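Remarks on the structure that follows.
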Amino acid sequence: MPELPEVECVRRSLEPHLVGRTIARTRVSLPKLARPHPKALRQGLAGRTITDTQRHGKLLILPLSDGAFWTIHLGMTGQLICAPRRPQAKHIHITISFQDHGPRLYFRDLRQFGFMAFCPDRHSLQTGPLASFGPDALKISPQELAQRLAHRRAPIKTLLLDQHILAGVGNIYADEALFRARISPLARPIDLHPQQLLQLHHAIQQTLHEAITRGGSSVRNFVDARGRAGTFQHQHNVYRRTGQPCPRCHTPISRITLGGRSTHFCPHCQAADRG
DNA sequence: GAATACCTGAGC
DNA sequence: GCTCAGGTATTC
């Protein structure tokens, strides 16, 4: 479920439960979710203390004692659960227990697209889990966004989903940000005025910040580490609203496929010839 | 770029 | 039975 706002909500809900705690034991029941392999994850985490919680795009980064890092990507259906006992749930693939014998951390992932990785130092973090990510979507400047989009020829929606360009925007927030900026998902960067790129940058920031404030979007069943659902799905203007009236002009929302992903937009407010 | 692959489940 | 699902890497 998680795009940048959901991962940020997970990070915030996790922080008070994790920082300062020392890992005792890691149990991996689905080896492919542990990188580079289960033994490295188990041995790397054992005895190390979590010193902070950070996020880059959709990647959770937990700095550890001795300059190591633990990274977690939730993929499409990943969920972190902090609880004293194993929840009555299927698809729990990794369990972390701590030296204080307090609540454990359970990694649940139905579709198995997520992962946990151990990085012994900053270099392996940057050449490993972080290698494929551009700047964080909440930290990138308008100038840098414009620069990174400049000579790309794909439709803008496809580019927003490309984590090499900027990290954190997924299908929901790409559609919602383009609606706010009144830009067609089919527009190419070369078609856009500099002013429109500024609007897009602003729309991305606004949409992501507002979603974080509302606890993220629980389209299917996203919950944070304490089991709380978000409410931003009630603020969606276009995402999964095919055929329903545009909140701005009442034209029915269209749905097309772009880069293999369903794409929702208002054909009037976001008309291609209006950028 | 588009298609496909990795997975399981919900909803029709 | 079929289509769709919020992510990403790899192939043609």
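The chains in the structure tokens are called A, B, ... from first to last as shown; in each chain the residues are counted from 1, and the ligands are counted from 1 in the order shown.
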If we count only C-alpha atoms (C1' of nucleotides) and set the cut-off at 10 Å, which residues sit around region 1-9 of chain C, ignoring sequence neighbours fewer than 6 positions away in its own chain? Please answer as a PyMOL selection string. (chain A and resi 1-3+6+58+73-77+113-114+132+161-163+170-173+217-220+222+262) or (chain B and resi 5-6+9-12)
Near region 242-252 of chain A, counting only C-alpha atoms (C1' of nucleotides), which residues have an atom at most 9 Å away, once you skip same-chain residues fewer than 6 positions from it, shown as a compact mmCIF listing (two decimals) with N, CA, C and O atoms, in the first residue's frame?
```txt
# COMPACT_ATOMS: atom_id res chain seq x y z
N HIS A 264 -5.81 8.00 -13.58
CA HIS A 264 -7.11 8.66 -13.45
C HIS A 264 -6.92 10.16 -13.56
O HIS A 264 -6.01 10.72 -12.94
N PHE A 265 -7.78 10.81 -14.35
CA PHE A 265 -7.65 12.25 -14.50
C PHE A 265 -8.95 12.86 -15.01
O PHE A 265 -9.82 12.15 -15.51
N CYS A 266 -9.06 14.19 -14.88
CA CYS A 266 -10.22 14.90 -15.42
C CYS A 266 -9.88 15.36 -16.83
O CYS A 266 -8.98 16.18 -17.00
N PRO A 267 -10.60 14.85 -17.83
CA PRO A 267 -10.27 15.19 -19.22
C PRO A 267 -10.51 16.67 -19.52
O PRO A 267 -9.99 17.17 -20.53
N HIS A 268 -11.24 17.37 -18.69
CA HIS A 268 -11.47 18.80 -18.91
C HIS A 268 -10.41 19.65 -18.20
O HIS A 268 -9.67 20.40 -18.83
N CYS A 269 -10.31 19.51 -16.88
CA CYS A 269 -9.33 20.30 -16.12
C CYS A 269 -7.89 19.98 -16.52
O CYS A 269 -7.00 20.81 -16.41
```
Please find the residues of chain A near chain B - the criterion being any atom within 12 Å, counting only C-alpha atoms (C1' of nucleotides) - and write them as a ChimeraX atom specification. /A:32-33,75-77,90-91,109-114,152-155,158-159,220-221,257-261
DSSP on the backbone, then: every residue of region 34-266 of chain A marked strand (DSSP E or B), written as a VMD selection string. chain A and resid 34 to 35 49 to 50 54 to 56 59 to 64 69 to 73 78 to 83 92 to 98 104 to 109 115 to 119 136 167 223 229 245 252 254 to 258 261 to 265
Distance in Å - CA of Thr95 (chain A) versus CA of Leu30 (chain A):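 Computing it gives 10.8 Å between the two atoms.
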Mind checking DSSP for region 51-225 of chain A and telling me the alpha helix (DSSP H) residues as an NGL selection string? :A and (122-127 or 142-149 or 156-161 or 171-181 or 194-213)
Between A:Arg241, A:Ser97, A:Phe115, A:Lys157, which residue has the minimum interatomic distance to chain C, considering only C-alpha atoms (C1' of nucleotides)?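 Once distances to chain C are computed over only C-alpha atoms (C1' of nucleotides), the minimum belongs to A:Phe115.
Computed from the coordinates, the CA of Ser13 (chain A) to CA of Leu208 (chain A) distance equals 17.2 Å.
CA of Ala89 (chain A) is positioned 24.4 Å from CA of Trp70 (chain A).
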